Amino acid sequence: MPPTGRPLQILLVSAVLGGSDIALAQLDGNVQWQGVSHTGWNDRRPRVPRNGESFVVRFQTFRGDVSGVRVRIEDGSVQFTDASVIGSRGPYDLWQATVPSTGSSTLSYVLEVSDGADTDYYSAKGMTEDLDLSQPFVLNFTTLEHAPIGSAPVSGGTVFKVWSPASTSCTVRGTFNAWAGNAALTKVGEHFVGFVAGAAPGAQYKYYFNNSVWASDPRSAALVPTGGYNSVIVDPDAYNWQVNDFSPAPMEQLVIYQLHVGTFAGRNDPKGSTPNPSRYIDVAARADHLASLGVNAVMLNPVNEFPGDFSGGYNTVSPFAIESKLGTPDQFRQMVDALHARGIAVILDIVYNHAASSDNILWNFGGAQQYFDASAVETPWGAQCDYDKAAVRQYYIDAAETMLSDYRLDGFRMDAVMYMTDSANTPQWSNGQKIIRAMHDNRNNRHADKHTIAELYIDNKWATDPTTSGLGFTAQYQNEFKEAVRAAIFAAGSGSPNMGRVANVLDGQGAGVSGRSVLNYFELHDDCWPLNGTKRAVASIDTSLPSDDQFARGRTKIGQSFNLLSRGVPGIVQGTEWLEDEGWESSRLDWSHKTRYPGIFKFYSDLIALRTSEPALFAESALSVLHTNDWLDVLAWERHVDGGGSFVAVVNLSNSERTDYRIGIPREGRWVVELNSNDLQYDGPGGGPAGVVPVESVAADGLPRSAMFTLPARTMVLLRHIACPADFNGDGLVDDSDFVAFIAAYNVLDCADPSMPANCPADLNADAAVDDSDFVLFVGAYNNLLCP
């Protein structure tokens with residue numbers, strides 16, 4: 001049945017997964033329509049059934065929502081075949097049914113989907129409550145018009161289909177017919193389609209239109225740049241996936257690592273040298289590095305085919321083809337597989353706002369300007385395709401679906417969205433918006449657990465509002481966050497950071513521009529790209545090589561602490577974890593930094609581990625600014641969630657130590673230093689708070705209690721709240737490990753004893769002495785007298 005009214009808490013859960021109805025999925029006599037999907041061109045095996053052969057129909061429903069499915073088949077008579085669940089992925093059950101062979105030249109089918117007594121139907125029209133045969137899925141074994149656009153290898157050859165409405169004839173020529181054979185395709189509507197015997201995976205080919213014009217396949221999965229971009233036949237189902245049930249972490253739990261495949265590996269690399277540029281398989285071989293850092297998503301700079309061997313990737317030749325210099329499509333899948341095996345999602349940067357300014361395979365396609373206006377719309381980086389044509393819009397929509405389905409990507413970052421949606425940048429803005437909305441409607445239906453991020457700088461909830469009123473992105477760049485943080489970090493050199501401006505953006509900018517709806521960052525690729533005239537923050541702060549003085553270390557750690565501890569989804573660029581001081585497009589990461597700056601790596605891995613595991617630090621958890629001092633450059637804020645703990649971050653961004661500095665403390669209980677960026681273990685100069693923080697009943701910052709701190713220059717201190725004194729090790733549990741740890745500390749009776757850890761962990765009542773009163777407090781709590 002169609003979605004019905006539902007309580008608020010269900011709506012909130014649904015919003016996390018792209019506005020879907022996954023929260024209602026159960027065997028309750030009500031099919032959740034949003035979860036049912038079948039794309040004919042992508043969900044049949046073989047992908048192009050021929051000659052009436054038997055084939056498999058695959059589709060998906062929300063997990064646990066459907067009790068049974070039948071496929072209604074009509075080929076002159078009507079028959080049914082039962083479907084069964086063959087697995088699951090993310091929020092979906094995966095189903096398949098086998099359609100028997102037929103002697104008919106045509107066949108149609110619809111899905112009959114049941115949840116108990118509720119039976120609904122799915123056809124090319126979508127879901128209907130009653131059987132509707134006006135738009136069934138149709139196979140025509142004579143014309144093969146049911147083939148996907150592009151090349152689809154099948155038994156004995158390949159079926160080709162290409163859109164070229166202005167052409168009168170088309171043949172396929174390639175290595176399988178010595179580039180001269182007469183493999184003619186038949187025009188069906190605006191497409192040419194046909195089967196070519198002997199054309200097997202690995203073969204190269206081109207289309208030959210009107211007996212005069214050669215053209216690459218715009219939807220080929222691989223291109224060969226040498227020799228004019230020959231297309232390559234690729235079997236999208238050949239790769240043997242090792243991880244079949246991966247689903248990315250919810251958006252609010254992500255820490256995103258921006259990665260450029262070509263420069264990621266090979267320089268002073270303990271894994272060994274690699275070709276330059278490095279490849280997909282090189283990233284796969286170093287996936288353990290990313291796992292040890294603790295990130296749970298990588299955001300790849302574009303890896304769709306681009307001109308030349310070295311590029312940032314923002315000059316896309318084809319949104320379907322995988323960049324050949326970095327490896328094959330299956331090697332790309334191997335990289336995705338390796339990252340998934342370590343719990344790391346893969347988000348791809350896609351460039352749909354313009355085509356490459358050189359090597360444009362769509363220009364004058366088939367001898368006519370079919371993909372562009374007669375007078376092409378120009379952007380600063382290249383011509384924009386003609387979004388006003390439905391087939392061109394579908395080209396991009398299908399490219400997104402192909403990357404999500406065939407390569408199992410976990411989402412997208414969309415480049416320069418404003419050049420698709422803003423009337424000031426393109427006259428095609430309304431149809432550019434249609435592409436984005438259709439892409440998200442498909443995501444919500446087929447990939448509800450996947451995430452999309454808009455490179456937009458408007459800080460407006462329109463970007464993340466549902467597609468009925470907005471663009472439908474999961475998140476957008478929060479421009480004011482980046483600008484405020486970067487301005488403060490760089491102004492700190494002259495002692496004039498605007499801490500109030502930072503305080504104003506830590507919590508976001510209201511509904512749709514905070515929490516899981518924003519990507520926060522201190523530095524991503526545009527901010528350290530020599531091509532843009534920018535460089536790494538460490539190199540801007542310490543202009544003398546190797547750009548690693550205490551000013552560069554301290555301030556960048558604070559900048560990233562603002563990022564990782566704010567109310568948003570944090571992103572970092574490759575090399576952040578070890579003070580990389582060079583750019584990213586042409587300069588390879590220097591892996592010697594990992595051993596040169598082990599404390600920097602430990603700082604980020606420890607902080608990221610907290611960010612991905614502590615509910616109080618997730619993107620949606622509450623944030624309250626406790627203390628702002630623009631005169632002394634000190635800022636403190638709390639992250640908190642009911643039942644999930646509390647943390648307080650204290651930052652001194654000044655170049656001077658702040659002694660006897662009082663800050664209000666938001667909650668009763670024990671507070672301990674979880675992390676101190678100035679600590680020697682984090683390659684800091686040492687000094688600053690450690691251990692238990694003595695809390696006094698002295699009002700400050702509008703709170704009834706406070707603590708006095710000594711804050712070294714350029715330091716971030718993170719405090720953890722331990723509500724129960726018996727939870728001595730702060731793991732959220734009260735058990736024997738707490739008793740053992742407390743007794744070990746209690747046996748050092750004198751806080752002045754030099755062997756005693758800083759600030760006396762066993763001094764539970766913070767009176768500067770470890771004595772019987774602490775023991776009584778602990779045992780009382782341990783026996784559940786103080787910890788209900």
# chains A, B, ... in the order shown; residues from 1 in each chain; ligands from 1

call {"tool": "select_by_dssp", "arguments": {"residues": "stretch 163-269 of chain A", "states": "strand (DSSP E)", "output": "NGL selection string"}}
result
:A and (163 or 170-174 or 183-184 or 186-188 or 191-197 or 204-209 or 213-215 or 222-224 or 230-232 or 256-259)

call {"tool": "residues_around", "arguments": {"residues": "A:Lys557", "least_positions_apart": "3", "cutoff": "8 Å", "atoms": "only C-alpha atoms", "output": "tab-separated table (two decimals) with all heavy atoms, in the first residue's frame"}}
result
chain	number	residue	atom	x	y	z
A	553	ARG	N	52.00	22.78	14.11
A	553	ARG	CA	51.41	21.60	14.73
A	553	ARG	C	50.22	21.98	15.61
A	553	ARG	O	49.13	21.41	15.50
A	553	ARG	CB	52.45	20.88	15.59
A	553	ARG	CG	53.63	20.35	14.82
A	553	ARG	CD	54.55	19.55	15.72
A	553	ARG	NE	55.85	19.32	15.11
A	553	ARG	CZ	56.70	18.39	15.50
A	553	ARG	NH1	56.41	17.61	16.52
A	553	ARG	NH2	57.86	18.24	14.90
A	554	GLY	N	50.45	22.96	16.49
A	554	GLY	CA	49.41	23.30	17.45
A	554	GLY	C	48.16	23.87	16.79
A	554	GLY	O	47.04	23.47	17.13
A	560	GLN	N	41.57	21.23	13.25
A	560	GLN	CA	40.91	19.94	13.04
A	560	GLN	C	40.09	19.52	14.25
A	560	GLN	O	39.11	18.77	14.11
A	560	GLN	CB	41.94	18.87	12.68
A	560	GLN	CG	42.67	19.11	11.38
A	560	GLN	CD	41.77	19.04	10.15
A	560	GLN	OE1	40.56	18.83	10.23
A	560	GLN	NE2	42.37	19.23	8.98
A	561	SER	N	40.44	20.01	15.45
A	561	SER	CA	39.61	19.73	16.63
A	561	SER	C	38.27	20.45	16.53
A	561	SER	O	37.22	19.89	16.86
A	561	SER	CB	40.34	20.16	17.91
A	561	SER	OG	41.50	19.38	18.11
A	677	SER	N	45.98	17.95	23.32
A	677	SER	CA	46.74	18.05	22.08
A	677	SER	C	48.19	18.47	22.32
A	677	SER	O	49.05	18.26	21.45
A	677	SER	CB	46.07	19.05	21.12
A	677	SER	OG	46.18	20.39	21.62
A	716	MET	N	44.30	22.17	22.69
A	716	MET	CA	42.92	21.73	22.85
A	716	MET	C	42.91	20.62	23.89
A	716	MET	O	43.67	19.65	23.78
A	716	MET	CB	42.34	21.21	21.54
A	716	MET	CG	40.84	20.85	21.60
A	716	MET	SD	40.43	19.26	22.36
A	716	MET	CE	41.15	18.11	21.19

call {"tool": "residues_around", "arguments": {"residues": "stretch 613-621 of chain A", "least_positions_apart": "2", "cutoff": "9 Å", "atoms": "only C-alpha atoms", "output": "tab-separated table (two decimals) with N, CA, C and O atoms, in the first residue's frame"}}
result
chain	number	residue	atom	x	y	z
A	251	MET	N	25.15	8.76	8.30
A	251	MET	CA	25.86	10.01	8.01
A	251	MET	C	26.38	10.66	9.27
A	251	MET	O	27.50	11.20	9.30
A	252	GLU	N	25.60	10.63	10.34
A	252	GLU	CA	26.00	11.35	11.55
A	252	GLU	C	27.22	10.74	12.23
A	252	GLU	O	27.84	11.37	13.08
A	253	GLN	N	27.59	9.51	11.85
A	253	GLN	CA	28.75	8.86	12.46
A	253	GLN	C	29.99	8.91	11.58
A	253	GLN	O	31.05	8.42	11.99
A	254	LEU	N	29.89	9.47	10.40
A	254	LEU	CA	31.01	9.43	9.46
A	254	LEU	C	32.13	10.39	9.83
A	254	LEU	O	31.90	11.50	10.33
A	514	SER	N	23.03	21.97	9.71
A	514	SER	CA	23.73	21.54	10.92
A	514	SER	C	23.65	20.03	11.01
A	514	SER	O	22.95	19.37	10.23
A	515	GLY	N	24.38	19.47	11.97
A	515	GLY	CA	24.31	18.03	12.21
A	515	GLY	C	24.68	17.22	10.99
A	515	GLY	O	25.65	17.51	10.28
A	516	ARG	N	23.91	16.18	10.72
A	516	ARG	CA	24.20	15.29	9.61
A	516	ARG	C	24.00	15.96	8.26
A	516	ARG	O	24.38	15.41	7.22
A	517	SER	N	23.42	17.15	8.25
A	517	SER	CA	23.12	17.84	6.99
A	517	SER	C	24.26	18.70	6.47
A	517	SER	O	24.12	19.32	5.42
A	518	VAL	N	25.38	18.77	7.21
A	518	VAL	CA	26.50	19.58	6.74
A	518	VAL	C	27.80	18.79	6.80
A	518	VAL	O	28.02	17.97	7.70
A	564	LEU	N	36.42	18.16	14.06
A	564	LEU	CA	36.02	16.84	14.52
A	564	LEU	C	35.08	16.88	15.73
A	564	LEU	O	34.39	15.90	16.01
A	565	LEU	N	35.07	17.98	16.44
A	565	LEU	CA	34.25	18.08	17.64
A	565	LEU	C	33.07	19.04	17.48
A	565	LEU	O	32.40	19.36	18.46
A	566	SER	N	32.81	19.46	16.26
A	566	SER	CA	31.67	20.34	15.99
A	566	SER	C	30.44	19.49	15.73
A	566	SER	O	30.49	18.27	15.65
A	567	ARG	N	29.32	20.17	15.56
A	567	ARG	CA	28.06	19.47	15.28
A	567	ARG	C	27.85	19.42	13.77
A	567	ARG	O	27.12	20.21	13.18
A	568	GLY	N	28.52	18.49	13.15
A	568	GLY	CA	28.46	18.30	11.71
A	568	GLY	C	29.25	17.06	11.36
A	568	GLY	O	29.79	16.38	12.24
A	569	VAL	N	29.33	16.76	10.08
A	569	VAL	CA	30.09	15.60	9.59
A	569	VAL	C	31.48	16.10	9.19
A	569	VAL	O	31.60	16.92	8.29
A	570	PRO	N	32.54	15.62	9.86
A	570	PRO	CA	33.87	16.15	9.57
A	570	PRO	C	34.52	15.50	8.36
A	570	PRO	O	34.40	14.30	8.13
A	608	ILE	N	39.74	10.66	16.18
A	608	ILE	CA	38.78	10.06	15.25
A	608	ILE	C	38.08	8.87	15.89
A	608	ILE	O	36.88	8.65	15.70
A	609	ALA	N	38.83	8.08	16.67
A	609	ALA	CA	38.22	6.93	17.35
A	609	ALA	C	37.11	7.40	18.29
A	609	ALA	O	36.04	6.76	18.38
A	610	LEU	N	37.33	8.49	18.98
A	610	LEU	CA	36.28	9.04	19.84
A	610	LEU	C	35.10	9.52	19.01
A	610	LEU	O	33.94	9.25	19.33
A	611	ARG	N	35.41	10.23	17.92
A	611	ARG	CA	34.34	10.80	17.09
A	611	ARG	C	33.44	9.74	16.48
A	611	ARG	O	32.23	9.95	16.28
A	623	LEU	N	25.17	20.41	21.06
A	623	LEU	CA	26.38	21.20	21.30
A	623	LEU	C	25.97	22.50	21.99
A	623	LEU	O	25.04	23.18	21.54
A	639	ARG	N	29.67	18.74	24.14
A	639	ARG	CA	28.91	17.83	23.29
A	639	ARG	C	28.24	16.82	24.20
A	639	ARG	O	28.89	16.23	25.08
A	640	HIS	N	26.95	16.58	24.01
A	640	HIS	CA	26.20	15.77	24.95
A	640	HIS	C	25.04	15.07	24.25
A	640	HIS	O	24.44	15.62	23.30
A	641	VAL	N	24.72	13.86	24.72
A	641	VAL	CA	23.49	13.20	24.31
A	641	VAL	C	22.97	12.42	25.50
A	641	VAL	O	23.75	11.82	26.25
A	642	ASP	N	21.67	12.45	25.71
A	642	ASP	CA	21.09	11.73	26.83
A	642	ASP	C	21.40	10.25	26.70
A	642	ASP	O	21.16	9.63	25.66
A	643	GLY	N	21.95	9.67	27.77
A	643	GLY	CA	22.30	8.26	27.77
A	643	GLY	C	23.57	7.92	27.03
A	643	GLY	O	23.96	6.76	26.97
A	644	GLY	N	24.22	8.94	26.44
A	644	GLY	CA	25.42	8.68	25.65
A	644	GLY	C	26.63	9.48	26.07
A	644	GLY	O	27.63	9.53	25.36
A	645	GLY	N	26.54	10.13	27.23
A	645	GLY	CA	27.72	10.79	27.78
A	645	GLY	C	27.84	12.25	27.42
A	645	GLY	O	27.00	12.84	26.73
A	646	SER	N	28.93	12.84	27.94
A	646	SER	CA	29.18	14.26	27.75
A	646	SER	C	30.68	14.48	27.66
A	646	SER	O	31.47	13.83	28.36
A	647	PHE	N	31.08	15.40	26.78
A	647	PHE	CA	32.48	15.82	26.63
A	647	PHE	C	32.50	17.34	26.61
A	647	PHE	O	31.58	17.98	26.10

call {"tool": "residues_around", "arguments": {"residues": "stretch 421-434 of chain A", "least_positions_apart": "5", "cutoff": "10 Å", "atoms": "only C-alpha atoms", "output": "PyMOL selection string"}}
result
chain A and resi 352-353+377-380+384-390+393-394+397+416+439-440+467+470-471

call {"tool": "write_last_selection", "arguments": {"atoms": "C-alpha atoms", "output": "compact mmCIF listing (two decimals), in the first residue's frame"}}
result
# COMPACT_ATOMS: atom_id res chain seq x y z
CA TYR A 352 28.19 16.59 -14.04
CA ASN A 353 28.30 20.38 -14.43
CA VAL A 377 26.54 26.73 -22.47
CA GLU A 378 30.01 27.45 -21.10
CA THR A 379 31.33 27.14 -17.56
CA PRO A 380 34.76 28.26 -16.29
CA GLN A 384 27.94 22.09 -20.28
CA CYS A 385 25.80 19.39 -21.87
CA ASP A 386 22.29 20.23 -23.03
CA TYR A 387 20.27 19.49 -19.89
CA ASP A 388 17.10 20.55 -21.72
CA LYS A 389 17.10 17.21 -23.57
CA ALA A 390 15.54 14.35 -21.61
CA ARG A 393 19.50 14.25 -18.41
CA GLN A 394 19.00 10.49 -18.35
CA ILE A 397 21.00 9.88 -13.99
CA ALA A 416 30.17 22.71 -8.30
CA MET A 439 19.24 11.07 -9.01
CA HIS A 440 18.09 11.46 -5.40
CA THR A 467 13.21 16.63 -3.63
CA GLY A 470 14.73 21.05 -2.38
CA LEU A 471 17.58 19.19 -4.03

call {"tool": "closest_residue", "arguments": {"among": "A:Asp330, A:Asp465, A:Glu401, A:Asp683", "to": "A:Ala438", "atoms": "only C-alpha atoms"}}
result
A:Glu401

call {"tool": "closest_residue", "arguments": {"among": "A:Arg437, A:Arg486, A:Arg267, A:His593", "to": "A:Asn498", "atoms": "only C-alpha atoms"}}
result
A:Arg486

call {"tool": "residues_around", "arguments": {"residues": "A:Asn268", "least_positions_apart": "2", "cutoff": "12 Å", "atoms": "only C-alpha atoms", "output": "ChimeraX atom specification"}}
result
/A:264-266,270-274,588-596

call {"tool": "closest_residue", "arguments": {"among": "A:Leu733, A:Ile665, A:Ile743, A:Val336", "to": "A:Leu719", "atoms": "only C-alpha atoms"}}
result
A:Ile665

call {"tool": "atom_distance", "arguments": {"atom1": "atom CA of A:Val66", "atom2": "atom CA of A:Gly472"}}
result
27.0 Å

call {"tool": "residues_around", "arguments": {"residues": "A:Phe176", "least_positions_apart": "3", "cutoff": "9 Å", "atoms": "only C-alpha atoms", "output": "VMD selection string"}}
result
chain A and resid 173 179 181 197 to 200 203 to 205

call {"tool": "select_by_dssp", "arguments": {"residues": "stretch 639-773 of chain A", "states": "alpha helix (DSSP H)", "output": "short mmCIF file (atom, residue, chain, number, x, y, z; two decimals) with N, CA and C atoms, in the first residue's frame"}}
result
data_model
loop_
_atom_site.label_atom_id
_atom_site.label_comp_id
_atom_site.auth_asym_id
_atom_site.auth_seq_id
_atom_site.Cartn_x
_atom_site.Cartn_y
_atom_site.Cartn_z
N ASP A 736 34.54 -5.38 37.47
CA ASP A 736 35.75 -5.68 38.23
C ASP A 736 36.95 -4.88 37.76
N SER A 737 36.98 -4.52 36.48
CA SER A 737 38.12 -3.75 35.99
C SER A 737 38.21 -2.39 36.66
N ASP A 738 37.07 -1.81 36.99
CA ASP A 738 37.08 -0.53 37.71
C ASP A 738 37.63 -0.71 39.13
N PHE A 739 37.24 -1.79 39.78
CA PHE A 739 37.72 -2.04 41.15
C PHE A 739 39.23 -2.22 41.17
N VAL A 740 39.75 -3.01 40.23
CA VAL A 740 41.19 -3.24 40.15
C VAL A 740 41.93 -1.94 39.89
N ALA A 741 41.41 -1.12 38.95
CA ALA A 741 42.07 0.13 38.61
C ALA A 741 42.05 1.11 39.78
N PHE A 742 40.92 1.15 40.48
CA PHE A 742 40.85 2.07 41.61
C PHE A 742 41.81 1.67 42.73
N ILE A 743 41.84 0.40 43.07
CA ILE A 743 42.73 -0.06 44.15
C ILE A 743 44.19 0.21 43.79
N ALA A 744 44.55 0.03 42.51
CA ALA A 744 45.93 0.29 42.10
C ALA A 744 46.27 1.76 42.32
N ALA A 745 45.35 2.66 42.00
CA ALA A 745 45.60 4.08 42.22
C ALA A 745 45.51 4.45 43.69
N TYR A 746 44.59 3.82 44.41
CA TYR A 746 44.38 4.14 45.81
C TYR A 746 45.59 3.75 46.66
N ASP A 772 40.47 7.79 53.03
CA ASP A 772 39.32 6.92 53.25
C ASP A 772 38.04 7.49 52.64
N SER A 773 37.94 8.81 52.57
CA SER A 773 36.73 9.39 52.01
C SER A 773 36.57 9.01 50.54
#

call {"tool": "residues_around", "arguments": {"residues": "stretch 537-540 of chain A", "least_positions_apart": "6", "cutoff": "7 Å", "atoms": "only C-alpha atoms", "output": "count of residues only"}}
result
6

call {"tool": "atom_distance", "arguments": {"atom1": "atom CA of A:Ala762", "atom2": "atom CA of A:Ile722"}}
result
13.3 Å

call {"tool": "closest_residue", "arguments": {"among": "A:Pro136, A:Pro319, A:Gly150, A:Pro275", "to": "A:Val71", "atoms": "only C-alpha atoms"}}
result
A:Pro136
